[in-house]
Amino acid sequence: MHKIIKELESDNSRLAKEAILYRELAKDNQTLFYGFQIALDNLVTFGVKQVPESFGDGPGLSYGTFFMECAEPLANRTLTGHAARDRIIETMNKAKKDEWNYWYRRILLKDFKCGVSESTVNACVKKSKKSKYKVPVFKCMLAKDSKGHEKKLVGEKLIDYKLDGVRVVTIINPISKTVKQYSRNGKEFHNFGHITKQLETHLSLFKEPIVLDGEMVSHSFQELMKQVQRKTDVNAQDAQYALFDILSLTEFQKGVSKLGCEERDKQLNKLTKIL
């Protein structure tokens, strides 16, 4: 797989990259596209910011071994801290140098550095009619102006305040015992630890992974934006999480909820009284 990544990296032409992807789709290269799926899916994270580069050859590493022994435990957070670091190094030492540096390492970093995004992969997958290789795309509902839709503004409606903050989608997973927060485009947030810690104390309330949708607000929008973008010296303790929707992770991924707006609002009101 590392040779294909090198090939994709060596040519900046979009058409050339697509031709390579079409070629591999025709070969039904499962390993390549399953690798794309976990690396390009924003909801899959490994909890590591630094992954060492290899400078020597190991005996060789199969994708199955890498996934079962390293990627999956990291994604599920059954491996964290020093144990995660040690497993990554152990796995690296099994792989050949280029195999690790251009393929497995980049999966863990979630960046192949070859100019191929989920939209590129999905466009080729769609044309090739091989939907099993589609990369899940992170999407959330955005607010729209009512102009031009006046006829729909009749009857009873649920209306929330328009808040001047940062959209934050939170995924609470009682199975992996994790709470992760994302921007509306699927970029993971790490700067609202006081909120995630509070939610972590209530993991037992949930039987399945759920999604909370809302807006992170502060006394100053400008100051909040500074804290969101900081990697060090973060001070976002005054940020508060205003929630306006709740649904299961399965429903979020499908883009359709079994419950209507009113029922979800009742669920959310019950939950916020506990939180």
# chains A, B, ... in the order shown; residues from 1 in each chain; ligands from 1

call {"tool": "residues_around", "arguments": {"residues": "Gln198 (chain A)", "least_positions_apart": "5", "cutoff": "12 Å", "atoms": "only C-alpha atoms", "output": "PDB file with C-alpha atoms, in the first residue's frame"}}
result
ATOM      1  CA  ILE A 172     -20.942  10.421  24.001  1.00  0.00           C
ATOM      2  CA  THR A 178     -15.345   8.428  25.628  1.00  0.00           C
ATOM      3  CA  VAL A 179     -16.692  11.937  25.067  1.00  0.00           C
ATOM      4  CA  PHE A 192     -13.319  22.329  26.340  1.00  0.00           C
ATOM      5  CA  GLY A 193     -12.096  19.751  28.818  1.00  0.00           C
ATOM      6  CA  LEU A 203     -21.790   8.025  30.878  1.00  0.00           C
ATOM      7  CA  GLN A 240     -20.768  27.119  28.448  1.00  0.00           C
ATOM      8  CA  TYR A 241     -22.457  24.531  26.256  1.00  0.00           C
ATOM      9  CA  THR A 272     -30.231  18.818  30.848  1.00  0.00           C
ATOM     10  CA  ILE A 274     -29.712  15.842  35.214  1.00  0.00           C
ATOM     11  CA  LEU A 275     -26.546  17.384  33.760  1.00  0.00           C
TER      12      LEU A 275
END

call {"tool": "select_by_dssp", "arguments": {"residues": "region 5-177 of chain A", "states": "strand (DSSP E)", "output": "PyMOL selection string"}}
result
chain A and resi 166-173

call {"tool": "write_last_selection", "arguments": {"atoms": "C-alpha atoms", "output": "PDB file, in the first residue's frame"}}
result
ATOM      1  CA  VAL A 166     -18.954  28.020  18.149  1.00  0.00           C
ATOM      2  CA  ARG A 167     -20.956  25.054  16.862  1.00  0.00           C
ATOM      3  CA  VAL A 168     -19.946  21.932  18.786  1.00  0.00           C
ATOM      4  CA  VAL A 169     -21.178  18.414  18.087  1.00  0.00           C
ATOM      5  CA  THR A 170     -20.501  16.055  21.008  1.00  0.00           C
ATOM      6  CA  ILE A 171     -20.459  12.270  20.724  1.00  0.00           C
ATOM      7  CA  ILE A 172     -20.942  10.421  24.001  1.00  0.00           C
ATOM      8  CA  ASN A 173     -19.997   6.749  23.727  1.00  0.00           C
TER       9      ASN A 173
END

call {"tool": "closest_residue", "arguments": {"among": "A:Asn191, A:Ser248, A:Ser204, A:Thr120", "to": "Arg230 (chain A)", "atoms": "only C-alpha atoms"}}
result
A:Asn191

call {"tool": "residues_around", "arguments": {"residues": "region 267-270 of chain A", "least_positions_apart": "5", "cutoff": "12 Å", "atoms": "only C-alpha atoms", "output": "PyMOL selection string"}}
result
chain A and resi 205+210-214+242-248+259-262+275

call {"tool": "write_last_selection", "arguments": {"atoms": "all heavy atoms", "output": "short mmCIF file (atom, residue, chain, number, x, y, z; two decimals), in the first residue's frame"}}
result
data_model
loop_
_atom_site.label_atom_id
_atom_site.label_comp_id
_atom_site.auth_asym_id
_atom_site.auth_seq_id
_atom_site.Cartn_x
_atom_site.Cartn_y
_atom_site.Cartn_z
N LEU A 205 -25.71 7.05 32.05
CA LEU A 205 -27.08 7.41 31.66
C LEU A 205 -27.45 6.86 30.28
O LEU A 205 -28.63 6.76 29.95
CB LEU A 205 -27.25 8.93 31.65
CG LEU A 205 -27.17 9.68 32.98
CD1 LEU A 205 -27.21 11.18 32.72
CD2 LEU A 205 -28.30 9.26 33.90
N ILE A 210 -24.57 8.43 21.71
CA ILE A 210 -25.51 9.48 21.32
C ILE A 210 -24.76 10.75 20.93
O ILE A 210 -23.59 10.92 21.27
CB ILE A 210 -26.54 9.78 22.44
CG1 ILE A 210 -25.85 10.37 23.67
CG2 ILE A 210 -27.33 8.57 22.81
CD1 ILE A 210 -26.20 11.79 23.90
N VAL A 211 -25.48 11.61 20.25
CA VAL A 211 -24.91 12.88 19.77
C VAL A 211 -25.66 14.04 20.39
O VAL A 211 -26.90 14.06 20.37
CB VAL A 211 -24.98 12.97 18.24
CG1 VAL A 211 -24.49 14.34 17.76
CG2 VAL A 211 -24.18 11.87 17.59
N LEU A 212 -24.92 14.97 20.97
CA LEU A 212 -25.49 16.23 21.45
C LEU A 212 -25.04 17.33 20.50
O LEU A 212 -23.86 17.42 20.16
CB LEU A 212 -25.01 16.55 22.87
CG LEU A 212 -25.41 15.58 23.97
CD1 LEU A 212 -24.78 16.02 25.29
CD2 LEU A 212 -26.92 15.51 24.11
N ASP A 213 -25.98 18.14 20.08
CA ASP A 213 -25.67 19.23 19.16
C ASP A 213 -25.93 20.55 19.87
O ASP A 213 -26.95 20.71 20.54
CB ASP A 213 -26.55 19.11 17.91
CG ASP A 213 -26.02 19.94 16.75
OD1 ASP A 213 -25.00 20.63 16.93
OD2 ASP A 213 -26.63 19.89 15.67
N GLY A 214 -25.01 21.48 19.74
CA GLY A 214 -25.20 22.76 20.42
C GLY A 214 -24.15 23.79 20.06
O GLY A 214 -23.40 23.64 19.09
N ALA A 242 -24.50 25.35 25.22
CA ALA A 242 -25.95 25.49 25.03
C ALA A 242 -26.41 24.41 24.05
O ALA A 242 -26.03 24.43 22.88
CB ALA A 242 -26.26 26.88 24.48
N LEU A 243 -27.24 23.47 24.52
CA LEU A 243 -27.67 22.34 23.71
C LEU A 243 -29.00 22.61 23.02
O LEU A 243 -29.89 23.23 23.60
CB LEU A 243 -27.80 21.09 24.58
CG LEU A 243 -26.52 20.63 25.28
CD1 LEU A 243 -26.83 19.50 26.26
CD2 LEU A 243 -25.49 20.18 24.26
N PHE A 244 -29.14 22.12 21.78
CA PHE A 244 -30.42 22.29 21.11
C PHE A 244 -30.90 21.04 20.37
O PHE A 244 -31.96 21.05 19.75
CB PHE A 244 -30.42 23.50 20.15
CG PHE A 244 -29.26 23.56 19.20
CD1 PHE A 244 -29.19 22.73 18.10
CD2 PHE A 244 -28.26 24.50 19.39
CE1 PHE A 244 -28.14 22.82 17.20
CE2 PHE A 244 -27.20 24.60 18.49
CZ PHE A 244 -27.14 23.75 17.40
N ASP A 245 -30.15 19.93 20.45
CA ASP A 245 -30.66 18.70 19.83
C ASP A 245 -29.95 17.48 20.39
O ASP A 245 -28.83 17.58 20.90
CB ASP A 245 -30.49 18.74 18.30
CG ASP A 245 -31.51 17.87 17.57
OD1 ASP A 245 -32.26 17.13 18.25
OD2 ASP A 245 -31.56 17.92 16.34
N ILE A 246 -30.62 16.32 20.28
CA ILE A 246 -30.07 15.05 20.74
C ILE A 246 -30.60 13.94 19.84
O ILE A 246 -31.77 13.96 19.45
CB ILE A 246 -30.44 14.77 22.22
CG1 ILE A 246 -29.83 13.44 22.69
CG2 ILE A 246 -31.95 14.78 22.42
CD1 ILE A 246 -30.01 13.18 24.18
N LEU A 247 -29.73 13.01 19.48
CA LEU A 247 -30.14 11.84 18.70
C LEU A 247 -29.07 10.77 18.83
O LEU A 247 -27.96 11.04 19.31
CB LEU A 247 -30.37 12.19 17.23
CG LEU A 247 -29.21 12.64 16.36
CD1 LEU A 247 -29.65 12.56 14.89
CD2 LEU A 247 -28.80 14.08 16.65
N SER A 248 -29.37 9.56 18.43
CA SER A 248 -28.39 8.49 18.54
C SER A 248 -27.31 8.67 17.48
O SER A 248 -27.53 9.32 16.45
CB SER A 248 -29.06 7.13 18.35
OG SER A 248 -29.45 6.93 17.00
N LEU A 259 -37.33 10.02 15.74
CA LEU A 259 -38.20 10.90 16.50
C LEU A 259 -38.31 12.28 15.84
O LEU A 259 -37.38 12.74 15.19
CB LEU A 259 -37.66 11.07 17.93
CG LEU A 259 -37.53 9.80 18.76
CD1 LEU A 259 -36.92 10.13 20.12
CD2 LEU A 259 -38.88 9.11 18.93
N GLY A 260 -39.42 12.91 16.07
CA GLY A 260 -39.60 14.27 15.55
C GLY A 260 -38.93 15.27 16.47
O GLY A 260 -38.43 14.94 17.53
N CYS A 261 -38.97 16.52 16.03
CA CYS A 261 -38.32 17.61 16.77
C CYS A 261 -38.84 17.73 18.20
O CYS A 261 -38.08 17.92 19.14
CB CYS A 261 -38.64 18.86 16.03
SG CYS A 261 -37.51 20.01 15.75
N GLU A 262 -40.16 17.61 18.37
CA GLU A 262 -40.77 17.80 19.68
C GLU A 262 -40.32 16.70 20.66
O GLU A 262 -40.00 16.99 21.82
CB GLU A 262 -42.29 17.80 19.56
CG GLU A 262 -43.01 18.19 20.85
CD GLU A 262 -44.51 18.31 20.67
OE1 GLU A 262 -44.98 18.17 19.51
OE2 GLU A 262 -45.20 18.56 21.67
N LEU A 275 -27.91 16.88 33.94
CA LEU A 275 -26.55 17.38 33.76
C LEU A 275 -26.33 18.67 34.55
O LEU A 275 -25.21 18.97 34.92
CB LEU A 275 -26.28 17.62 32.26
CG LEU A 275 -26.36 16.38 31.36
CD1 LEU A 275 -26.14 16.78 29.91
CD2 LEU A 275 -25.34 15.35 31.77
#

call {"tool": "residues_around", "arguments": {"residues": "Lys130 (chain A)", "least_positions_apart": "5", "cutoff": "10 Å", "atoms": "only C-alpha atoms", "output": "PyMOL selection string"}}
result
chain A and resi 25-26+28+122+124-125

call {"tool": "atom_distance", "arguments": {"atom1": "CA of Ser183 (chain A)", "atom2": "CA of Val228 (chain A)"}}
result
10.1 Å

call {"tool": "closest_residue", "arguments": {"among": "A:Leu79, A:Leu271, A:Ile195, A:Leu224", "to": "Gly165 (chain A)", "atoms": "only C-alpha atoms"}}
result
A:Leu224

call {"tool": "atom_distance", "arguments": {"atom1": "CA of Leu158 (chain A)", "atom2": "CA of Glu263 (chain A)"}}
result
11.1 Å

call {"tool": "residues_around", "arguments": {"residues": "Pro52 (chain A)", "least_positions_apart": "6", "cutoff": "12 Å", "atoms": "only C-alpha atoms", "output": "list of chain:residue names"}}
result
A:Arg85, A:Asp86, A:Arg87, A:Ile88, A:Ile89, A:Glu90, A:Thr91, A:Met92, A:Asn93, A:Lys97, A:Trp100, A:Asn101, A:Tyr104, A:Arg105, A:Arg106, A:Leu108, A:Leu109

call {"tool": "write_last_selection", "arguments": {"atoms": "C-alpha atoms", "output": "JSON list (two decimals), in the first residue's frame"}}
result
[["chain", "number", "residue", "atom", "x", "y", "z"],
["A", 85, "ARG", "CA", 2.96, 4.68, 23.03],
["A", 86, "ASP", "CA", 4.58, 1.31, 23.66],
["A", 87, "ARG", "CA", 2.15, -0.55, 21.37],
["A", 88, "ILE", "CA", 2.78, 1.93, 18.54],
["A", 89, "ILE", "CA", 6.55, 1.45, 18.84],
["A", 90, "GLU", "CA", 6.12, -2.32, 19.05],
["A", 91, "THR", "CA", 3.94, -2.28, 15.92],
["A", 92, "MET", "CA", 6.37, 0.02, 14.10],
["A", 93, "ASN", "CA", 9.24, -2.39, 14.75],
["A", 97, "LYS", "CA", 10.42, 1.18, 7.01],
["A", 100, "TRP", "CA", 5.30, 2.15, 8.24],
["A", 101, "ASN", "CA", 6.29, 5.67, 7.20],
["A", 104, "TYR", "CA", 0.50, 2.74, 8.78],
["A", 105, "ARG", "CA", 2.00, 5.85, 10.36],
["A", 106, "ARG", "CA", -0.08, 8.12, 8.15],
["A", 108, "LEU", "CA", -2.59, 6.90, 12.71],
["A", 109, "LEU", "CA", -1.84, 10.56, 11.92]]

call {"tool": "closest_residue", "arguments": {"among": "A:Val137, A:Ala39, A:Ala83, A:Ile4", "to": "Lys254 (chain A)", "atoms": "only C-alpha atoms"}}
result
A:Val137

call {"tool": "closest_residue", "arguments": {"among": "A:Val234, A:Asp160, A:Asn76, A:Gly56", "to": "His190 (chain A)", "atoms": "only C-alpha atoms"}}
result
A:Val234
